[in-house]
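So this one's data_15.txt, compact mmCIF, C-alpha atoms and all ligand atoms:
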```
# COMPACT_ATOMS: atom_id res chain seq x y z
CA MET P 1 0.00 0.00 0.00
CA LYS P 2 1.38 3.45 -0.94
CA THR P 3 1.43 6.31 1.55
CA ALA P 4 1.05 10.06 0.94
CA LEU P 5 1.83 12.92 3.29
CA VAL P 6 -0.24 16.05 2.59
CA THR P 7 0.73 19.21 4.48
CA GLY P 8 -2.14 21.47 5.52
CA GLY P 9 -4.50 18.59 4.77
CA ALA P 10 -7.33 19.43 7.17
CA HIS P 11 -9.21 22.03 5.13
CA ARG P 12 -9.97 23.37 1.67
CA ILE P 13 -7.63 22.30 -1.16
CA GLY P 14 -5.44 20.11 1.09
CA GLN P 15 -8.48 18.23 2.36
CA GLN P 16 -9.63 17.50 -1.20
CA ILE P 17 -6.14 16.29 -2.13
CA CYS P 18 -6.36 13.87 0.83
CA ARG P 19 -9.79 12.61 -0.26
CA THR P 20 -8.74 12.16 -3.91
CA LEU P 21 -5.52 10.32 -3.08
CA HIS P 22 -7.35 8.13 -0.54
CA GLN P 23 -10.01 7.25 -3.08
CA ALA P 24 -7.23 6.27 -5.50
CA GLY P 25 -5.94 3.78 -2.91
CA PHE P 26 -3.27 5.72 -1.03
CA ASN P 27 -2.90 5.63 2.72
CA LEU P 28 -2.65 9.11 4.19
CA ILE P 29 -0.67 11.06 6.71
CA ILE P 30 -2.68 14.24 7.19
CA HIS P 31 -0.50 17.07 8.44
CA TYR P 32 -1.97 20.06 10.30
CA LYS P 33 -0.68 23.03 12.25
CA THR P 34 -3.68 24.20 14.31
CA SER P 35 -6.66 22.28 12.87
CA ILE P 36 -6.45 19.15 14.99
CA VAL P 37 -10.24 18.67 15.18
CA ALA P 38 -10.75 18.88 11.40
CA ALA P 39 -7.68 16.72 10.71
CA GLN P 40 -8.84 14.02 13.14
CA ALA P 41 -12.41 14.13 11.75
CA LEU P 42 -11.06 13.61 8.23
CA ALA P 43 -8.81 10.74 9.35
CA ASP P 44 -11.74 9.12 11.21
CA GLU P 45 -13.93 9.42 8.12
CA LEU P 46 -11.27 7.90 5.84
CA ASN P 47 -10.55 5.11 8.36
CA LEU P 48 -14.22 4.18 8.30
CA ILE P 49 -13.93 3.74 4.53
CA ARG P 50 -10.66 1.74 4.86
CA ALA P 51 -9.42 0.66 8.28
CA ASN P 52 -6.02 2.01 9.39
CA SER P 53 -5.62 4.01 6.19
CA SER P 54 -5.14 7.49 7.72
CA SER P 55 -3.29 9.19 10.54
CA ILE P 56 -2.59 12.77 11.54
CA ILE P 57 0.63 14.60 12.36
CA GLN P 58 1.28 18.10 13.71
CA ALA P 59 4.06 20.54 12.84
CA ASP P 60 4.55 24.26 12.43
CA MET P 61 6.25 24.46 9.04
CA SER P 62 7.58 27.94 9.78
CA GLN P 63 9.83 26.42 12.48
CA VAL P 64 12.56 24.42 10.80
CA THR P 65 13.30 22.70 14.14
CA SER P 66 9.87 21.01 14.05
CA ILE P 67 10.61 19.27 10.76
CA GLN P 68 13.14 16.70 11.96
CA PRO P 69 10.83 15.20 14.63
CA LEU P 70 7.99 15.02 12.08
CA CYS P 71 10.19 13.17 9.58
CA GLN P 72 11.56 10.72 12.15
CA SER P 73 8.08 9.33 12.73
CA ILE P 74 7.64 8.57 9.00
CA LYS P 75 9.23 5.26 8.07
CA GLN P 76 7.72 4.72 4.62
CA LEU P 77 6.55 7.35 2.14
CA ASP P 78 5.62 7.39 -1.55
CA ILE P 79 4.25 10.92 -2.07
CA LEU P 80 4.87 14.22 -0.35
CA VAL P 81 2.43 17.01 -1.22
CA ASN P 82 3.69 20.41 -0.05
CA ASN P 83 0.33 22.18 0.16
CA ALA P 84 0.39 24.18 3.43
CA SER P 85 0.99 27.89 3.02
CA VAL P 86 0.15 31.32 4.37
CA PHE P 87 -1.43 34.01 2.21
CA TYR P 88 -2.10 37.61 3.23
CA PRO P 89 -1.33 41.07 1.86
CA THR P 90 1.95 42.77 2.75
CA PRO P 91 1.60 46.36 1.42
CA ILE P 92 5.05 47.54 0.43
CA ASP P 93 4.95 50.66 2.63
CA THR P 94 4.34 48.62 5.80
CA ILE P 95 6.59 45.69 4.96
CA ASN P 96 8.35 44.15 7.97
CA ILE P 97 10.75 41.34 8.81
CA THR P 98 8.18 39.39 10.86
CA ASP P 99 5.85 38.91 7.88
CA TYR P 100 8.81 38.28 5.59
CA GLN P 101 10.09 35.48 7.80
CA ASN P 102 6.64 34.02 8.49
CA ILE P 103 5.70 33.79 4.80
CA LEU P 104 9.10 32.67 3.49
CA ASN P 105 9.59 30.13 6.29
CA THR P 106 6.12 28.61 5.88
CA ASN P 107 5.89 28.64 2.08
CA LEU P 108 9.51 27.88 1.18
CA THR P 109 11.95 26.97 3.96
CA GLY P 110 9.60 24.44 5.59
CA PRO P 111 8.72 22.63 2.34
CA PHE P 112 12.38 22.67 1.27
CA PHE P 113 13.67 21.02 4.44
CA LEU P 114 10.69 18.68 4.63
CA SER P 115 11.52 17.53 1.09
CA THR P 116 15.24 17.09 1.70
CA THR P 117 14.74 15.41 5.08
CA LEU P 118 12.23 12.91 3.63
CA SER P 119 14.33 12.24 0.53
CA GLN P 120 15.68 8.97 1.92
CA GLN P 121 12.21 7.49 2.41
CA LEU P 122 11.04 8.86 -0.96
CA SER P 123 14.13 7.59 -2.72
CA HIS P 124 13.66 4.15 -1.26
CA SER P 125 10.09 3.99 -2.64
CA GLN P 126 11.01 5.68 -5.98
CA GLY P 127 8.39 8.20 -4.92
CA CYS P 128 7.50 11.78 -5.80
CA ILE P 129 7.09 15.28 -4.42
CA ILE P 130 4.27 17.53 -5.62
CA ASN P 131 4.45 21.22 -4.69
CA ILE P 132 1.37 23.42 -4.73
CA VAL P 133 2.66 26.61 -6.31
CA ASP P 134 0.50 29.57 -7.55
CA ILE P 135 0.27 31.36 -10.88
CA HIS P 136 1.38 34.43 -8.88
CA GLY P 137 4.81 32.83 -8.62
CA ASP P 138 5.08 33.82 -12.30
CA ARG P 139 3.19 37.11 -12.35
CA PRO P 140 3.22 39.20 -9.17
CA LEU P 141 0.00 39.75 -7.23
CA ARG P 142 -0.37 43.40 -6.22
CA HIS P 143 0.18 44.05 -2.46
CA HIS P 144 1.45 40.47 -2.01
CA SER P 145 5.15 40.83 -2.80
CA ILE P 146 6.41 38.42 -0.13
CA TYR P 147 3.83 35.74 -1.00
CA SER P 148 4.63 36.12 -4.74
CA ILE P 149 8.37 35.78 -4.01
CA SER P 150 7.73 32.66 -1.90
CA LYS P 151 5.77 31.02 -4.72
CA ALA P 152 8.36 31.96 -7.36
CA ALA P 153 10.92 30.31 -5.10
CA ILE P 154 8.94 27.10 -4.64
CA ALA P 155 8.56 26.94 -8.44
CA MET P 156 12.37 26.98 -8.71
CA MET P 157 12.58 24.54 -5.82
CA THR P 158 10.42 22.18 -7.89
CA LYS P 159 12.83 22.29 -10.82
CA THR P 160 16.06 22.22 -8.86
CA LEU P 161 14.97 19.32 -6.64
CA ALA P 162 13.76 17.45 -9.73
CA LYS P 163 17.33 17.67 -11.00
CA GLU P 164 18.99 16.91 -7.65
CA PHE P 165 16.77 13.95 -6.79
CA ALA P 166 16.67 12.31 -10.24
CA PRO P 167 16.45 9.49 -11.05
CA ASN P 168 15.03 8.32 -7.73
CA ILE P 169 12.40 10.92 -6.87
CA ARG P 170 10.21 12.82 -9.32
CA VAL P 171 9.38 16.42 -8.35
CA ASN P 172 6.53 18.37 -9.95
CA GLY P 173 4.18 21.23 -9.18
CA VAL P 174 0.57 22.27 -9.60
CA SER P 175 0.00 25.99 -9.99
CA PRO P 176 -3.56 27.00 -9.09
CA GLY P 177 -5.27 30.14 -10.32
CA SER P 178 -8.37 31.27 -8.42
CA ILE P 179 -9.84 28.20 -6.69
CA LEU P 180 -11.28 29.17 -3.29
CA TRP P 181 -11.63 32.74 -2.07
CA PRO P 182 -9.10 33.69 0.58
CA GLU P 183 -10.33 33.89 4.18
CA ASN P 184 -9.70 36.09 7.23
CA GLN P 185 -7.25 38.94 6.71
CA ALA P 186 -6.96 38.21 2.97
CA GLU P 187 -10.75 38.35 2.29
CA LEU P 188 -11.87 40.09 -0.93
CA THR P 189 -14.87 42.37 -1.48
CA PRO P 190 -17.53 41.19 -4.01
CA GLN P 191 -16.18 43.81 -6.45
CA GLN P 192 -12.64 42.48 -6.11
CA GLN P 193 -13.92 38.93 -6.63
CA GLN P 194 -15.80 39.95 -9.80
CA SER P 195 -12.78 41.75 -11.16
CA MET P 196 -10.72 38.57 -10.67
CA LEU P 197 -13.37 36.42 -12.39
CA ASP P 198 -13.46 38.83 -15.35
CA LYS P 199 -9.77 38.09 -16.02
CA ILE P 200 -10.24 34.30 -16.21
CA ALA P 201 -10.72 32.98 -19.77
CA LEU P 202 -13.18 30.32 -18.56
CA ASN P 203 -15.02 33.00 -16.53
CA LYS P 204 -15.23 31.05 -13.29
CA GLN P 205 -13.20 29.79 -10.34
CA GLY P 206 -11.77 26.30 -10.37
CA SER P 207 -12.58 23.75 -7.68
CA ALA P 208 -10.42 22.00 -5.12
CA SER P 209 -11.05 18.82 -7.14
CA ASP P 210 -9.42 20.41 -10.19
CA ILE P 211 -6.22 20.75 -8.15
CA ALA P 212 -6.51 17.35 -6.45
CA ASN P 213 -7.09 15.54 -9.77
CA THR P 214 -3.94 17.13 -11.19
CA VAL P 215 -1.99 16.05 -8.11
CA LEU P 216 -3.22 12.50 -8.68
CA PHE P 217 -2.31 12.70 -12.37
CA LEU P 218 1.25 13.75 -11.50
CA ALA P 219 1.48 11.07 -8.81
CA GLN P 220 0.70 8.47 -11.46
CA SER P 221 2.82 9.93 -14.30
CA ASN P 222 6.09 8.06 -14.02
CA TYR P 223 7.83 9.87 -16.88
CA ILE P 224 7.11 13.46 -15.78
CA THR P 225 9.53 15.37 -13.57
CA GLY P 226 10.46 19.04 -13.16
CA GLN P 227 7.14 20.26 -14.54
CA ILE P 228 4.60 22.72 -13.15
CA ILE P 229 1.06 22.51 -14.47
CA ALA P 230 -1.08 25.66 -14.29
CA VAL P 231 -4.68 24.86 -13.34
CA ASP P 232 -6.10 28.35 -13.74
CA GLY P 233 -9.00 28.35 -16.23
CA GLY P 234 -6.81 30.26 -18.67
CA ARG P 235 -6.05 33.14 -16.27
CA SER P 236 -2.45 33.16 -17.51
CA LEU P 237 -3.69 33.99 -21.05
CA ASN P 238 -4.75 37.49 -19.95
CA GLN P 239 -2.67 40.39 -18.62
N1 LIG P 301 -7.16 29.01 -2.59
C1 LIG P 301 -6.76 29.32 -3.82
O1 LIG P 301 -7.58 29.73 -4.66
C2 LIG P 301 -5.31 29.18 -4.21
C3 LIG P 301 -4.84 29.87 -5.33
C4 LIG P 301 -3.51 29.72 -5.69
C5 LIG P 301 -2.66 28.92 -4.95
N2 LIG P 301 -3.14 28.27 -3.86
C6 LIG P 301 -2.22 27.40 -3.11
O2 LIG P 301 -2.87 26.17 -2.86
C7 LIG P 301 -2.51 25.67 -1.56
C8 LIG P 301 -3.78 25.44 -0.74
O3 LIG P 301 -4.54 26.62 -0.72
P1 LIG P 301 -5.69 26.86 0.38
O4 LIG P 301 -6.33 28.16 0.05
O5 LIG P 301 -6.49 25.62 0.52
O6 LIG P 301 -4.74 27.04 1.67
P2 LIG P 301 -5.10 27.68 3.09
O7 LIG P 301 -6.47 27.32 3.48
O8 LIG P 301 -4.76 29.16 3.06
O9 LIG P 301 -3.98 26.98 4.02
C9 LIG P 301 -3.84 25.57 4.05
C10 LIG P 301 -3.28 25.13 5.36
O10 LIG P 301 -1.95 25.59 5.55
C11 LIG P 301 -1.67 25.33 6.90
N3 LIG P 301 -0.63 26.22 7.43
C12 LIG P 301 -0.60 27.57 7.48
N4 LIG P 301 0.51 27.98 8.13
C13 LIG P 301 1.20 26.87 8.50
C14 LIG P 301 2.40 26.63 9.20
N5 LIG P 301 3.16 27.63 9.70
N6 LIG P 301 2.78 25.36 9.40
C15 LIG P 301 2.04 24.34 8.94
N7 LIG P 301 0.89 24.49 8.27
C16 LIG P 301 0.47 25.75 8.06
C17 LIG P 301 -2.96 25.54 7.68
O11 LIG P 301 -3.10 24.41 8.55
P3 LIG P 301 -3.99 24.43 9.90
O12 LIG P 301 -5.39 24.77 9.47
O13 LIG P 301 -3.84 23.07 10.46
O14 LIG P 301 -3.38 25.48 10.80
C18 LIG P 301 -4.02 25.61 6.58
O15 LIG P 301 -5.18 24.83 6.83
C19 LIG P 301 -1.57 26.70 -0.96
O16 LIG P 301 -0.24 26.33 -1.20
C20 LIG P 301 -1.89 27.98 -1.72
O17 LIG P 301 -0.81 28.88 -1.78
C21 LIG P 301 -4.44 28.38 -3.46
```

Could you quickly redo this structure as structure tokens?
Amino acid sequence: MKTALVTGGAHRIGQQICRTLHQAGFNLIIHYKTSIVAAQALADELNLIRANSSSIIQADMSQVTSIQPLCQSIKQLDILVNNASVFYPTPIDTINITDYQNILNTNLTGPFFLSTTLSQQLSHSQGCIINIVDIHGDRPLRHHSIYSISKAAIAMMTKTLAKEFAPNIRVNGVSPGSILWPENQAELTPQQQQSMLDKIALNKQGSASDIANTVLFLAQSNYITGQIIAVDGGRSLNQ
């Protein structure tokens, strides 16, 4: 039985990636930072479908010291999905080192050291890493410079680790466009949402399943490495 670790797997896109991989026959390690109740509820639900198929694990990805203990508890692994991230505006005139470190550590440093630390297990299984990027790693999102930089960096991390880990581990990325509206401090007004939709060639948001299905496709594509697939309804076609 193959095992997948999905970071930030309790909610939203990460949760759907867990469900899709589980349905395809993978066992799951569902990582969370704060959402223990949702993570456990998902694991319980998946274990009812297939006994002993899911477990949960906690770590703050912004703290590189929490990565080693997480990895030590994982003996066998076939897929790592680096999905967890933070997203909020950082207007350039109020930019500060705390936000810079929080966003870069969570979106880049954590996934990088998680990937390198788990490379032995992944190499042993001839497994793969799938990074959830963002089309704004290519084209900057206004007022989100640090987030955009973090996603540009994880795009390069995808390519450079694909080279470093070949031929034993494949490394690919999925680059979502607008899938689920941001929450909390990143919330958009209805006007801002409409203006985003107007720029998408297919005129609508994607779904978490669109991302999860592409993750599954890459997990099963044994001759693809170093690639990043945009799942953005054609958003990248427009300025
Ligand atoms: N939503 C979109 O439309 C969209 C668009 C483009 C790209 N993306 C990318 O797709 C992925 C999923 O997006 P999403 O909107 O579903 O994500 P999200 O809800 O914003 O965050 C996913 C999870 O990340 C975890 N997380 C945050 N900080 C963490 C930390 N320091 N350590 C460990 N985990 C942490 C949280 O876990 P807990 O809840 O357990 O704390 C959270 O549930 C992200 O990489 C995002 O950048 C999303």

Hey, what's within 7 Å of Ile79 (chain P) if we count all atoms listed in the file and toss same-chain stuff fewer than 4 positions away? As a compact mmCIF listing (two decimals) with C-alpha atoms, in the frame of the given file, please?
```txt
# COMPACT_ATOMS: atom_id res chain seq x y z
CA THR P 3 1.43 6.31 1.55
CA ALA P 4 1.05 10.06 0.94
CA LEU P 5 1.83 12.92 3.29
CA GLY P 127 8.39 8.20 -4.92
CA CYS P 128 7.50 11.78 -5.80
CA ILE P 129 7.09 15.28 -4.42
```

Original post:
Using only C-alpha atoms and all ligand atoms, which protein or nucleic acid residues are at most 6 Å from ligand LIG 301 (chain P), as number ranges by chain?
Top reply: P: 8, 10-14, 32-35, 59-62, 83-87, 106, 132-134, 176-182

**OP:** May I have the residues within 7 Å of region 108-119 of chain P as a ChimeraX atom specification, using all atoms listed in the file and disregarding those fewer than 3 positions away in the same chain?
**Re:** /P:61-62,64,67,71,82,104-105,122-123,150,153-154

With C-alpha atoms retained, write the just-selected residues as an mmCIF file, keeping the file's coordinate frame.
```cif
data_model
loop_
_atom_site.group_PDB
_atom_site.id
_atom_site.type_symbol
_atom_site.label_atom_id
_atom_site.label_comp_id
_atom_site.auth_asym_id
_atom_site.auth_seq_id
_atom_site.Cartn_x
_atom_site.Cartn_y
_atom_site.Cartn_z
ATOM 1 C CA MET P 61 6.250 24.460 9.040
ATOM 2 C CA SER P 62 7.580 27.940 9.780
ATOM 3 C CA VAL P 64 12.560 24.420 10.800
ATOM 4 C CA ILE P 67 10.610 19.270 10.760
ATOM 5 C CA CYS P 71 10.190 13.170 9.580
ATOM 6 C CA ASN P 82 3.690 20.410 -0.050
ATOM 7 C CA LEU P 104 9.100 32.670 3.490
ATOM 8 C CA ASN P 105 9.590 30.130 6.290
ATOM 9 C CA LEU P 122 11.040 8.860 -0.960
ATOM 10 C CA SER P 123 14.130 7.590 -2.720
ATOM 11 C CA SER P 150 7.730 32.660 -1.900
ATOM 12 C CA ALA P 153 10.920 30.310 -5.100
ATOM 13 C CA ILE P 154 8.940 27.100 -4.640
#
```

Subject >> One-decimal distance in Å that lies between CA of Ser236 (chain P) and CA of Gln193 (chain P) >> reply: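 For CA of Gln193 (chain P) relative to CA of Ser236 (chain P), the distance reads 16.8 Å.
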
**OP:** Considering only C-alpha atoms, return as a PyMOL selection string whatever protein or nucleic-acid residues lie within 12 Å of Ile146 (chain P), sequence-local ones (same chain, fewer than 6 positions apart) excluded.
**Re:** chain P and resi 86-92+94-108+136-137+140+152-153

Original post:
Between P:Leu70, P:Ile130, P:Ile56, P:Leu42, which has the minimum distance to Leu216 (chain P) (counting only C-alpha atoms)?
Top reply: P:Ile130

**OP:** Can you work out the spacing between CA of Arg139 (chain P) and CA of Thr160 (chain P) in Å, to one decimal?
**Re:** 20.0 Å

Original post:
Taking into account only C-alpha atoms, which residue in the set P:Lys204, P:Arg170, P:Gln192, P:Ile74 is nearest to Gln227 (chain P)?
Top reply: P:Arg170

Original post:
Interatomic distance between CA of Met156 (chain P) and CA of Leu28 (chain P)?
Top reply: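 For CA of Met156 (chain P) relative to CA of Leu28 (chain P), the distance reads 26.7 Å.
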
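Nearest residue to Met196 (chain P), choosing from P:Val231, P:Glu183, P:Asn238, P:Ile211 and counting only C-alpha atoms: P:Asn238.
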
**OP:** Have a look at P:Gly173, P:Gly233, P:Gly226, P:Gly9 and name the one nearest to Ser55 (chain P); count only C-alpha atoms.
**Re:** P:Gly9

Test item: write region 6-32 of chain P with N, CA and C atoms as a CSV table (one decimal), in the first residue's frame:
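Result file is result-v6.csv:
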```
chain,number,residue,atom,x,y,z
P,6,VAL,N,0.3,14.8,3.1
P,6,VAL,CA,-0.2,16.0,2.6
P,6,VAL,C,-0.2,17.1,3.7
P,7,THR,N,0.6,18.2,3.5
P,7,THR,CA,0.7,19.2,4.5
P,7,THR,C,-0.5,20.1,4.4
P,8,GLY,N,-0.9,20.6,5.5
P,8,GLY,CA,-2.1,21.5,5.5
P,8,GLY,C,-3.3,20.7,5.0
P,9,GLY,N,-3.5,19.5,5.4
P,9,GLY,CA,-4.5,18.6,4.8
P,9,GLY,C,-5.9,18.6,5.4
P,10,ALA,N,-6.1,19.5,6.4
P,10,ALA,CA,-7.3,19.4,7.2
P,10,ALA,C,-8.5,20.1,6.5
P,11,HIS,N,-8.2,21.2,5.7
P,11,HIS,CA,-9.2,22.0,5.1
P,11,HIS,C,-9.0,22.3,3.6
P,12,ARG,N,-10.0,22.8,3.0
P,12,ARG,CA,-10.0,23.4,1.7
P,12,ARG,C,-9.2,22.5,0.6
P,13,ILE,N,-8.3,23.1,-0.1
P,13,ILE,CA,-7.6,22.3,-1.2
P,13,ILE,C,-6.9,21.1,-0.6
P,14,GLY,N,-6.2,21.2,0.5
P,14,GLY,CA,-5.4,20.1,1.1
P,14,GLY,C,-6.4,19.0,1.5
P,15,GLN,N,-7.5,19.3,2.0
P,15,GLN,CA,-8.5,18.2,2.4
P,15,GLN,C,-8.9,17.4,1.1
P,16,GLN,N,-9.2,18.2,0.0
P,16,GLN,CA,-9.6,17.5,-1.2
P,16,GLN,C,-8.5,16.6,-1.8
P,17,ILE,N,-7.3,17.1,-1.7
P,17,ILE,CA,-6.1,16.3,-2.1
P,17,ILE,C,-6.1,15.0,-1.3
P,18,CYS,N,-6.3,15.1,0.0
P,18,CYS,CA,-6.4,13.9,0.8
P,18,CYS,C,-7.5,12.9,0.4
P,19,ARG,N,-8.7,13.5,0.1
P,19,ARG,CA,-9.8,12.6,-0.3
P,19,ARG,C,-9.5,11.9,-1.6
P,20,THR,N,-9.0,12.7,-2.6
P,20,THR,CA,-8.7,12.2,-3.9
P,20,THR,C,-7.7,11.1,-3.9
P,21,LEU,N,-6.6,11.3,-3.1
P,21,LEU,CA,-5.5,10.3,-3.1
P,21,LEU,C,-6.0,9.1,-2.3
P,22,HIS,N,-6.8,9.3,-1.3
P,22,HIS,CA,-7.3,8.1,-0.5
P,22,HIS,C,-8.3,7.3,-1.4
P,23,GLN,N,-9.1,8.0,-2.2
P,23,GLN,CA,-10.0,7.2,-3.1
P,23,GLN,C,-9.2,6.4,-4.1
P,24,ALA,N,-8.1,7.0,-4.5
P,24,ALA,CA,-7.2,6.3,-5.5
P,24,ALA,C,-6.4,5.1,-4.9
P,25,GLY,N,-6.6,4.9,-3.6
P,25,GLY,CA,-5.9,3.8,-2.9
P,25,GLY,C,-4.8,4.1,-2.0
P,26,PHE,N,-4.4,5.4,-1.9
P,26,PHE,CA,-3.3,5.7,-1.0
P,26,PHE,C,-3.7,5.7,0.4
P,27,ASN,N,-2.8,5.3,1.3
P,27,ASN,CA,-2.9,5.6,2.7
P,27,ASN,C,-2.4,7.1,2.9
P,28,LEU,N,-2.9,7.7,4.0
P,28,LEU,CA,-2.6,9.1,4.2
P,28,LEU,C,-2.1,9.5,5.5
P,29,ILE,N,-1.1,10.4,5.5
P,29,ILE,CA,-0.7,11.1,6.7
P,29,ILE,C,-1.1,12.5,6.5
P,30,ILE,N,-2.1,12.9,7.3
P,30,ILE,CA,-2.7,14.2,7.2
P,30,ILE,C,-2.0,15.2,8.2
P,31,HIS,N,-1.2,16.1,7.6
P,31,HIS,CA,-0.5,17.1,8.4
P,31,HIS,C,-1.4,18.3,8.7
P,32,TYR,N,-1.3,18.8,10.0
P,32,TYR,CA,-2.0,20.1,10.3
P,32,TYR,C,-1.1,20.9,11.2
```
